[in-house]
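Visitor: Sharing model-v7.pdb (PDB, C-alpha atoms, pLDDT in the B column) below.
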MODEL        1
ATOM      1  CA  MET Y1275      52.417 131.973 114.988  1.00 88.00           C
ATOM      2  CA  TYR Y1276      54.615 133.065 112.092  1.00 86.00           C
ATOM      3  CA  ALA Y1277      51.594 134.298 110.135  1.00 91.00           C
ATOM      4  CA  GLU Y1278      50.323 136.148 113.209  1.00 93.00           C
ATOM      5  CA  VAL Y1279      53.635 138.003 113.590  1.00 92.00           C
ATOM      6  CA  LEU Y1280      53.517 138.990 109.915  1.00 89.00           C
ATOM      7  CA  ARG Y1281      49.932 140.181 110.306  1.00 92.00           C
ATOM      8  CA  GLU Y1282      50.707 142.265 113.390  1.00 94.00           C
ATOM      9  CA  ASN Y1283      53.879 143.943 112.155  1.00 93.00           C
ATOM     10  CA  ALA Y1284      54.032 145.294 108.612  1.00 90.00           C
ATOM     11  CA  TYR Y1285      57.491 146.749 109.332  1.00 92.00           C
ATOM     12  CA  LEU Y1286      59.322 143.424 109.487  1.00 89.00           C
ATOM     13  CA  SER Y1287      62.526 143.437 107.506  1.00 88.00           C
ATOM     14  CA  ARG Y1288      65.534 141.174 106.991  1.00 88.00           C
ATOM     15  CA  THR Y1289      67.789 144.130 107.684  1.00 90.00           C
ATOM     16  CA  ILE Y1290      67.889 146.107 110.902  1.00 93.00           C
ATOM     17  CA  GLU Y1291      66.324 149.432 109.991  1.00 94.00           C
ATOM     18  CA  VAL Y1292      63.592 151.835 111.007  1.00 95.00           C
ATOM     19  CA  GLN Y1293      61.200 152.625 108.179  1.00 94.00           C
ATOM     20  CA  ASP Y1294      59.397 155.883 107.474  1.00 93.00           C
ATOM     21  CA  ASN Y1295      56.366 156.359 109.742  1.00 93.00           C
ATOM     22  CA  GLN Y1296      57.204 153.172 111.667  1.00 95.00           C
ATOM     23  CA  LYS Y1297      55.460 152.824 115.004  1.00 95.00           C
ATOM     24  CA  VAL Y1298      56.061 150.566 117.985  1.00 97.00           C
ATOM     25  CA  ILE Y1299      53.787 147.512 117.868  1.00 96.00           C
ATOM     26  CA  ASP Y1300      52.741 146.568 121.400  1.00 96.00           C
ATOM     27  CA  THR Y1301      49.660 144.427 120.847  1.00 95.00           C
ATOM     28  CA  GLY Y1302      49.164 140.704 120.306  1.00 95.00           C
ATOM     29  CA  LEU Y1303      52.368 138.694 120.557  1.00 96.00           C
ATOM     30  CA  TYR Y1304      54.332 141.964 120.752  1.00 97.00           C
ATOM     31  CA  GLY Y1305      52.594 142.638 124.060  1.00 97.00           C
ATOM     32  CA  ILE Y1306      54.146 139.463 125.484  1.00 96.00           C
ATOM     33  CA  VAL Y1307      57.683 139.482 124.035  1.00 97.00           C
ATOM     34  CA  ARG Y1308      59.566 142.149 122.083  1.00 97.00           C
ATOM     35  CA  HIS Y1309      60.814 139.766 119.376  1.00 97.00           C
ATOM     36  CA  PRO Y1310      58.121 137.162 118.654  1.00 96.00           C
ATOM     37  CA  MET Y1311      59.532 136.393 115.182  1.00 94.00           C
ATOM     38  CA  TYR Y1312      62.739 135.131 116.777  1.00 94.00           C
ATOM     39  CA  ALA Y1313      60.682 133.102 119.265  1.00 93.00           C
ATOM     40  CA  VAL Y1314      58.902 131.413 116.356  1.00 92.00           C
ATOM     41  CA  THR Y1315      62.138 130.653 114.495  1.00 90.00           C
ATOM     42  CA  ILE Y1316      63.736 129.234 117.642  1.00 88.00           C
ATOM     43  CA  LEU Y1317      60.697 126.974 118.059  1.00 88.00           C
ATOM     44  CA  LEU Y1318      61.095 125.850 114.445  1.00 86.00           C
ATOM     45  CA  PHE Y1319      64.796 125.134 114.933  1.00 81.00           C
ATOM     46  CA  LEU Y1320      64.088 123.249 118.171  1.00 83.00           C
ATOM     47  CA  THR Y1321      61.579 120.938 116.525  1.00 86.00           C
ATOM     48  CA  MET Y1322      63.587 120.377 113.330  1.00 85.00           C
ATOM     49  CA  PRO Y1323      66.008 117.789 114.823  1.00 89.00           C
ATOM     50  CA  LEU Y1324      63.060 115.857 116.263  1.00 86.00           C
ATOM     51  CA  ILE Y1325      61.101 115.894 113.023  1.00 91.00           C
ATOM     52  CA  LEU Y1326      64.074 115.051 110.806  1.00 90.00           C
ATOM     53  CA  GLY Y1327      65.773 112.720 113.264  1.00 91.00           C
ATOM     54  CA  SER Y1328      68.977 114.536 112.347  1.00 90.00           C
ATOM     55  CA  ILE Y1329      71.939 115.226 114.586  1.00 87.00           C
ATOM     56  CA  ILE Y1330      73.246 117.701 111.965  1.00 86.00           C
ATOM     57  CA  SER Y1331      70.205 119.912 112.335  1.00 82.00           C
ATOM     58  CA  PHE Y1332      70.677 119.795 116.123  1.00 84.00           C
ATOM     59  CA  ILE Y1333      74.284 120.984 115.738  1.00 86.00           C
ATOM     60  CA  ILE Y1334      73.115 123.797 113.463  1.00 81.00           C
ATOM     61  CA  PHE Y1335      70.515 124.779 116.062  1.00 83.00           C
ATOM     62  CA  LEU Y1336      73.212 125.161 118.711  1.00 83.00           C
ATOM     63  CA  ALA Y1337      74.719 128.059 116.737  1.00 88.00           C
ATOM     64  CA  TYR Y1338      71.374 129.740 116.077  1.00 87.00           C
ATOM     65  CA  PRO Y1339      70.701 131.179 119.570  1.00 84.00           C
ATOM     66  CA  ILE Y1340      74.159 132.795 119.579  1.00 89.00           C
ATOM     67  CA  ILE Y1341      73.537 134.397 116.199  1.00 92.00           C
ATOM     68  CA  ILE Y1342      70.049 135.561 117.186  1.00 92.00           C
ATOM     69  CA  GLY Y1343      71.324 136.919 120.508  1.00 93.00           C
ATOM     70  CA  LYS Y1344      73.842 139.140 118.708  1.00 96.00           C
ATOM     71  CA  ARG Y1345      71.209 140.287 116.230  1.00 96.00           C
ATOM     72  CA  ILE Y1346      68.743 141.164 119.002  1.00 96.00           C
ATOM     73  CA  ARG Y1347      71.382 143.254 120.815  1.00 96.00           C
ATOM     74  CA  ASN Y1348      72.151 145.162 117.600  1.00 97.00           C
ATOM     75  CA  GLU Y1349      68.481 145.529 116.710  1.00 97.00           C
ATOM     76  CA  GLU Y1350      67.541 146.894 120.113  1.00 97.00           C
ATOM     77  CA  LYS Y1351      70.332 149.505 119.939  1.00 97.00           C
ATOM     78  CA  VAL Y1352      69.047 150.712 116.570  1.00 97.00           C
ATOM     79  CA  LEU Y1353      65.406 150.717 117.680  1.00 97.00           C
ATOM     80  CA  GLU Y1354      66.153 152.603 120.900  1.00 97.00           C
ATOM     81  CA  ARG Y1355      68.115 155.214 118.970  1.00 97.00           C
ATOM     82  CA  GLU Y1356      65.815 155.621 115.961  1.00 97.00           C
ATOM     83  CA  LEU Y1357      62.280 154.497 116.841  1.00 97.00           C
ATOM     84  CA  ASN Y1358      60.182 156.851 118.949  1.00 96.00           C
ATOM     85  CA  GLY Y1359      58.631 155.109 121.929  1.00 97.00           C
ATOM     86  CA  TYR Y1360      60.846 152.013 121.870  1.00 97.00           C
ATOM     87  CA  SER Y1361      62.493 152.766 125.232  1.00 97.00           C
ATOM     88  CA  GLU Y1362      59.060 152.984 126.872  1.00 98.00           C
ATOM     89  CA  TYR Y1363      58.028 149.769 125.115  1.00 98.00           C
ATOM     90  CA  LYS Y1364      61.092 147.991 126.578  1.00 97.00           C
ATOM     91  CA  LYS Y1365      59.973 149.049 130.063  1.00 97.00           C
ATOM     92  CA  LYS Y1366      56.440 147.789 129.400  1.00 97.00           C
ATOM     93  CA  VAL Y1367      57.382 144.487 127.701  1.00 97.00           C
ATOM     94  CA  LYS Y1368      60.293 143.135 129.692  1.00 96.00           C
ATOM     95  CA  TYR Y1369      60.843 139.819 127.893  1.00 97.00           C
ATOM     96  CA  LYS Y1370      62.837 139.720 124.674  1.00 97.00           C
ATOM     97  CA  VAL Y1371      62.064 136.307 123.169  1.00 96.00           C
ATOM     98  CA  ILE Y1372      60.675 133.898 125.765  1.00 93.00           C
ATOM     99  CA  PRO Y1373      57.967 134.908 128.260  1.00 93.00           C
ATOM    100  CA  PHE Y1374      59.255 135.057 131.871  1.00 90.00           C
ATOM    101  CA  VAL Y1375      62.919 134.790 130.706  1.00 90.00           C
ATOM    102  CA  ARG Y1376      64.895 138.025 130.629  1.00 83.00           C
TER     103      ARG Y1376
ENDMDL
END
Take the structure I supplied and represent it as structure tokens, if you would.
Guide:
Amino acid sequence: MYAEVLRENAYLSRTIEVQDNQKVIDTGLYGIVRHPMYAVTILLFLTMPLILGSIISFIIFLAYPIIIGKRIRNEEKVLERELNGYSEYKKKVKYKVIPFVR
């Protein structure tokens, strides 16, 4: 899934920014949820404690959704303000990270 997200969206960045000539991606996984990369990382963090058998990794995971939630709120503000068509995309794709969960 991670590779699919990278293939679909060449504008991915570690920082929250809108790049020159950036367009809204609304196909593939982006047609299901607005932030599929975060969905993939949450899945990775969920399975890590099971795979490692580590309570420490579970504790770390508990902080991750809070951090990602803040980042998504900030990212969506920037995208709505700076990326043409993002507001319409939000109306079309209602789920942020998990299908059927707003």
Visitor: With all atoms listed in the file as the basis for distance, which of Y:Val1314, Y:Ile1329, Y:Leu1357, Y:Val1352 is at the shortest distance from Asn1295 of chain Y?
Guide: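 Checking each candidate against Asn1295 of chain Y, we get Y:Leu1357 as the closest.
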Visitor: Spell out the residues picked by the PyMOL selection byres ((chain Y and resi 1301) around 12) here, as a list of chain:residue names.
Guide: Y:Glu1278, Y:Val1279, Y:Arg1281, Y:Glu1282, Y:Asn1283, Y:Lys1297, Y:Val1298, Y:Ile1299, Y:Asp1300, Y:Gly1302, Y:Leu1303, Y:Tyr1304, Y:Gly1305, Y:Ile1306, Y:Val1307, Y:Arg1308, Y:Pro1310, Y:Tyr1363, Y:Lys1366, Y:Val1367
Visitor: Using only C-alpha atoms, pick whichever of Y:Leu1324, Y:Leu1318, Y:His1309, Y:Phe1332 has the shortest atom-to-atom distance to Arg1347 of chain Y.
Guide: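 Closest to Arg1347 of chain Y of all the choices is Y:His1309.
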Visitor: Quick one: apply the PyMOL selection byres ((chain Y and resi 1289) around 12) to the file and drop the selected residues here as an MDAnalysis selection string.
Guide: chainID Y and resid 1285:1288 1290:1293 1345:1346 1348:1349 1352
Visitor: For the selection you just gave me, I'd like the residues written to a file as a short mmCIF file (atom, residue, chain, number, x, y, z; two decimals), keeping the file's coordinate frame, keeping C-alpha atoms.
Guide:
data_model
loop_
_atom_site.label_atom_id
_atom_site.label_comp_id
_atom_site.auth_asym_id
_atom_site.auth_seq_id
_atom_site.Cartn_x
_atom_site.Cartn_y
_atom_site.Cartn_z
CA TYR Y 1285 57.49 146.75 109.33
CA LEU Y 1286 59.32 143.42 109.49
CA SER Y 1287 62.53 143.44 107.51
CA ARG Y 1288 65.53 141.17 106.99
CA ILE Y 1290 67.89 146.11 110.90
CA GLU Y 1291 66.32 149.43 109.99
CA VAL Y 1292 63.59 151.84 111.01
CA GLN Y 1293 61.20 152.62 108.18
CA ARG Y 1345 71.21 140.29 116.23
CA ILE Y 1346 68.74 141.16 119.00
CA ASN Y 1348 72.15 145.16 117.60
CA GLU Y 1349 68.48 145.53 116.71
CA VAL Y 1352 69.05 150.71 116.57
#
Visitor: Nearest residue to Val1371 of chain Y out of Y:Phe1335, Y:Leu1280, Y:Met1311, Y:Ile1341, using all atoms listed in the file?
Guide: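 Of the candidates, the smallest distance to Val1371 of chain Y is held by Y:Met1311.
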Visitor: Nearest to Pro1373 of chain Y among Y:Tyr1276, Y:Ala1313, Y:Leu1336, Y:Phe1319, with distances taken over all atoms listed in the file: which residue is it?
Guide: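 When distances to Pro1373 of chain Y are compared using all atoms listed in the file, the smallest one comes from Y:Ala1313.
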Visitor: Could you check the closest approach to Glu1350 of chain Y for each of Y:Ala1284, Y:Lys1364, Y:Ala1337, Y:Gly1327 and tell me which residue wins, using all atoms listed in the file?
Guide: Y:Lys1364
Visitor: Report, as JSON, the centre and edge lengths in Å (one decimal) of the axis-aligned box enclosing every listed atom of segment 1282-1299 of chain Y, padded by 8 Å on each side.
Guide:
{"center_x": 59.3, "center_y": 148.8, "center_z": 112.5, "size_x": 33.2, "size_y": 31.2, "size_z": 27.0}
Visitor: At what distance in Å, to one decimal, does atom CA of Arg1355 of chain Y lie from atom CA of Ile1372 of chain Y?
Guide: 23.6 Å
Visitor: Taking all atoms listed in the file into account, name the residue in Y:Tyr1312, Y:Asn1358, Y:Asp1294, Y:Pro1323 that is nearest to Gly1343 of chain Y.
Guide: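 Ranked by minimum distance to Gly1343 of chain Y, first place goes to Y:Tyr1312.
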Visitor: Please report the interatomic distance between atom CA of Ala1277 of chain Y and atom CA of Ile1342 of chain Y in Å with one decimal.
Guide: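 Computed distance, atom CA of Ala1277 of chain Y to atom CA of Ile1342 of chain Y, equals 19.8 Å.
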